[in-house]
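Novice: Here you go, one structure.
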Protein chains: 2
Amino acid sequence: MRITIREVAAKAGVSVTTASRALNGSGRMLPETRERVRAIASELGYRPNSIARGLVQQRSFTFGMLTNDTYGRFTLPVAAGLSEALLDRGVSVFLAAGKDDPDLVRLNLNAMEEKRVDGLVIAGKRIDRGLPVELPDNGIPTVHIMAACPEGGIGFAPDDLSGAKLATRHLIGQGRRRIAHITGRETFLAARIRAEGWQHALHEQGLAPFGPAVFGSWSEAHGFETARTMFGKNASSRPDAVFCGNDQIARGLIDGLGALGIRVPDDVAVVGFDNWEIFAQATRPPLTTVDMGLTEMGRQAGLTLLDLIDGKPVEAGLRHLPTSLVVRLSCGAEGAAQ
Amino acid sequence: MRITIREVAAKAGVSVTTASRALNGSGRMLPETRERVRAIASELGYRPNSIARGLVQQRSFTFGMLTNDTYGRFTLPVAAGLSEALLDRGVSVFLAAGKDDPDLVRLNLNAMEEKRVDGLVIAGKRIDRGLPVELPDNGIPTVHIMAACPEGGIGFAPDDLSGAKLATRHLIGQGRRRIAHITGRETFLAARIRAEGWQHALHEQGLAPFGPAVFGSWSEAHGFETARTMFGKNASSRPDAVFCGNDQIARGLIDGLGALGIRVPDDVAVVGFDNWEIFAQATRPPLTTVDMGLTEMGRQAGLTLLDLIDGKPVEAGLRHLPTSLVVRLSCGAEGAAQ
DNA sequence: CCATAATGGTTTAACGTTTGCGCAAAGGCA
DNA sequence: TGCCTTTGCGCAAACGTTAAACCATTATGG
């Protein structure tokens, strides 16, 4: 049996209450008493029982994170930021990676309700789709990350618009003028917004988009194929840079260009989106790309949830977190980071 | 305030005790009474408070998973299997993705102790390294997944040996005879074992390994470079197949071969290891690779932990779980799955 | 010197469950 | 009838902690 506060109190010769207060830094008592209790607690290896505390305080010091991202590409950075922000507040995070099966989601949601999580993070893969389940209003403070955020809810998403502008402007800054855009399915809001950012940044400088945005799947295959269709023609009618909607498309494009004997970044500069590090770094050449700040997003979501629980005023709505450009070699910049 | 069992009992006109027993299917009572209580509970939307139950039963119905895999490539499939196996037993899983910082690990470990997790899963990236922290003997049942397993502990790992044999035999079955092996750092036990499996499978058929195993980093770059060194010579002294130690090396190799004008699978068949799906599928051609059964590993770890907690006899030691070959196109097989 | 406040605690109740034990009523058996 | 068993349920304690209320003692202010 683990050691309880009762035994600490007994050994210290004080009441359980006093021991509790000594350890929590609350109440009034002789500094000497507090120290004695603490010394004995650590000597005995006492660990407060978070469950018992939870029962009386009506809090579990526990958050739940529900996601449908099976590969963990988005989930894990978010979860890492979340955990990290909560660690020193004593809050742990349940992770339920539940695919898109409504029944599974519901079961997980149930489990979290029974566990009395203090807060809920709904994390998705796209900003215009929510869970495959109507979230019952269970009174649990909730934030949404990269997932559709219901009316009056609180959401976090990357600022796709300025991310796209960042990438495009950088290409312009590198002297590129004929900048194309290859991206994912037009049904994705993110794809439409990024395309819009690309156009904005170009118009800003009096440049015209190089053709319409090429929508397609979010896959390498799409990038690879588009290399052929876009660069197959005579060299004079080719773009000198491409901003891609994600890193996979960018990589497919680069590989496709390689197959056509077109050099990156010499002939064509390429910028991706997502900064999926393990992937972007391995691209040849390493991929310049827009970082969505997922870890920071997780951190902020955690802090916001804490505020919400503490009853602090929290503004509803969607927060677009700043993105940043990670410059590697595919854009032709000098002195790029590896 | 959430609705408690007290209110259910009151509305059903029974004592709290009877209500509890009705809902848990324990005790003796009129079937009619049991049904009435249950109906009222669901009508009221009653959710048992897992915290209160945990306090009296001295269990939290909670596992902790500690990992140092930042990308989630291994962690998320394992976590998915774990959660899934535990869901219908009412157990949820805390995830702490803690890099390799000893202090962070210790903090997370502390948090889990205070949360009174019933079981602990230590998940790593390699089978010959454990946590950067000496695990205190806190009496919490623990299993290790893809991480060094202390004396007398319980561990799960892919069967690297037979996985490597599987891959190599498949290449032999495709008519390949000059089979090379490119893999990761020799300091990794997994690299040495896979190399051994490769040799075994060849000797089995009276074939000699094509040169020594080429150890290096676990990266695409290593595969890409080795394409040059291994295939740069005259065509007669080239392998006709390569078994790679992971999917990244395989992909690097394939890309490198492409750059040399060597066709996969026509000239050289390639098999990887890991079945990192999103990656293997996007390789051109799609990568035949060894699946480590990570999800199944998570599931088994969960079930084992449950047995351990229930006091059932569980044999100590490392369990090597079967791997399977996922045949795509890079090995030249007919009728391969996409 | 009295009223009041501060100090350093303790006592007691509470959080929402489960569970060992008790107990009345009904049934079975000789 | 008398005794034992079964049925159906309630009482009360327990899990480990926090927190509101209380209390005796000592210090403070006018």
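Chains: A, B, ... in order of the structure tokens. Residues: from 1 per chain. Ligands: from 1, in order shown.
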Write out as an MDAnalysis selection string the residues lying within 12 Å of DA6 (chain C), counting only C-alpha atoms (C1' of nucleotides) and excluding same-chain residues fewer than 4 positions away.
Specialist: (chainID A and resid 28:29) or (chainID D and resid 25:28)
Novice: If you count only C-alpha atoms (C1' of nucleotides), which residues fall within 9 Å of Glu220 (chain B), apart from same-chain ones fewer than 5 positions away, as a list of chain:residue names?
Specialist: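 With the cut-off at 9 Å, the set is A:Ala282, A:Thr283, B:Glu225, B:Asp247, B:Gln248, B:Ile249, B:Ala250, B:Arg251, B:Gly252, B:Leu253, B:Asp255.
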Novice: Go ahead and save the picked residues with N, CA and C atoms, as a PDB file, in the first residue's frame.
Specialist:
```
ATOM      1  N   ALA A 282      14.428  15.427 -45.616  1.00  0.00           N
ATOM      2  CA  ALA A 282      14.970  14.343 -46.429  1.00  0.00           C
ATOM      3  C   ALA A 282      14.780  14.588 -47.926  1.00  0.00           C
ATOM      4  N   THR A 283      13.987  15.593 -48.243  1.00  0.00           N
ATOM      5  CA  THR A 283      13.802  15.909 -49.658  1.00  0.00           C
ATOM      6  C   THR A 283      15.134  16.369 -50.243  1.00  0.00           C
TER       7      THR A 283
ATOM      8  N   GLU B 225      23.112   7.844 -51.050  1.00  0.00           N
ATOM      9  CA  GLU B 225      24.561   7.782 -51.243  1.00  0.00           C
ATOM     10  C   GLU B 225      24.991   6.385 -51.673  1.00  0.00           C
ATOM     11  N   ASP B 247      12.404   1.961 -44.186  1.00  0.00           N
ATOM     12  CA  ASP B 247      11.770   2.484 -45.388  1.00  0.00           C
ATOM     13  C   ASP B 247      12.466   3.727 -45.915  1.00  0.00           C
ATOM     14  N   GLN B 248      13.041   4.488 -45.000  1.00  0.00           N
ATOM     15  CA  GLN B 248      13.702   5.710 -45.447  1.00  0.00           C
ATOM     16  C   GLN B 248      14.928   5.391 -46.281  1.00  0.00           C
ATOM     17  N   ILE B 249      15.708   4.445 -45.819  1.00  0.00           N
ATOM     18  CA  ILE B 249      16.874   4.029 -46.591  1.00  0.00           C
ATOM     19  C   ILE B 249      16.431   3.497 -47.953  1.00  0.00           C
ATOM     20  N   ALA B 250      15.362   2.708 -47.926  1.00  0.00           N
ATOM     21  CA  ALA B 250      14.864   2.124 -49.173  1.00  0.00           C
ATOM     22  C   ALA B 250      14.470   3.218 -50.154  1.00  0.00           C
ATOM     23  N   ARG B 251      13.794   4.219 -49.622  1.00  0.00           N
ATOM     24  CA  ARG B 251      13.367   5.283 -50.511  1.00  0.00           C
ATOM     25  C   ARG B 251      14.550   6.059 -51.059  1.00  0.00           C
ATOM     26  N   GLY B 252      15.502   6.340 -50.181  1.00  0.00           N
ATOM     27  CA  GLY B 252      16.709   7.033 -50.634  1.00  0.00           C
ATOM     28  C   GLY B 252      17.394   6.237 -51.721  1.00  0.00           C
ATOM     29  N   LEU B 253      17.456   4.942 -51.506  1.00  0.00           N
ATOM     30  CA  LEU B 253      18.085   4.066 -52.490  1.00  0.00           C
ATOM     31  C   LEU B 253      17.352   4.133 -53.820  1.00  0.00           C
ATOM     32  N   ASP B 255      15.430   6.431 -54.994  1.00  0.00           N
ATOM     33  CA  ASP B 255      15.646   7.727 -55.633  1.00  0.00           C
ATOM     34  C   ASP B 255      17.037   7.793 -56.246  1.00  0.00           C
TER      35      ASP B 255
END
```
Novice: Counting only C-alpha atoms (C1' of nucleotides), which residues in chain C sit no more than 7 Å from chain B? For each one, give the nearest pair of atoms and the distance in Å, sorted by chain then residue number, as CSV.
Specialist:
```
residue,atom,partner,partner_atom,distance
C:DG16,C1',B:Ala52,CA,5.0
C:DT17,C1',B:Arg53,CA,4.7
C:DT18,C1',B:Val56,CA,6.2
```
Novice: Go ahead and compute the interatomic distance for CA of Gly256 (chain B) and CA of Arg228 (chain B), in Å to one decimal.
Specialist: 6.9 Å
Novice: Which residues of chain D come within 10 Å of chain B, and for each one, what is the closest pair of atoms and their distance in Å to one decimal, counting only C-alpha atoms (C1' of nucleotides), sorted by chain and residue number, as CSV?
Specialist:
```
residue,atom,partner,partner_atom,distance
D:DT7,C1',B:Arg28,CA,7.5
D:DG8,C1',B:Met29,CA,5.1
D:DC9,C1',B:Thr18,CA,6.9
D:DG10,C1',B:Ser15,CA,6.5
D:DC11,C1',B:Thr17,CA,9.4
D:DA14,C1',B:Val56,CA,7.2
D:DC15,C1',B:Val56,CA,4.2
D:DG16,C1',B:Leu55,CA,7.6
```
Novice: Report, in Å to a single decimal, how far apart CA of Leu257 (chain B) and CA of Asn234 (chain B) are.
Specialist: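 Distance reported for this atom pair: 14.0 Å.
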Novice: Could you work out how far CA of Phe94 (chain B) lies from CA of Asp307 (chain A), giving the answer in Å with one decimal?
Specialist: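 Between CA of Asp307 (chain A) and CA of Phe94 (chain B) the gap is 21.6 Å.
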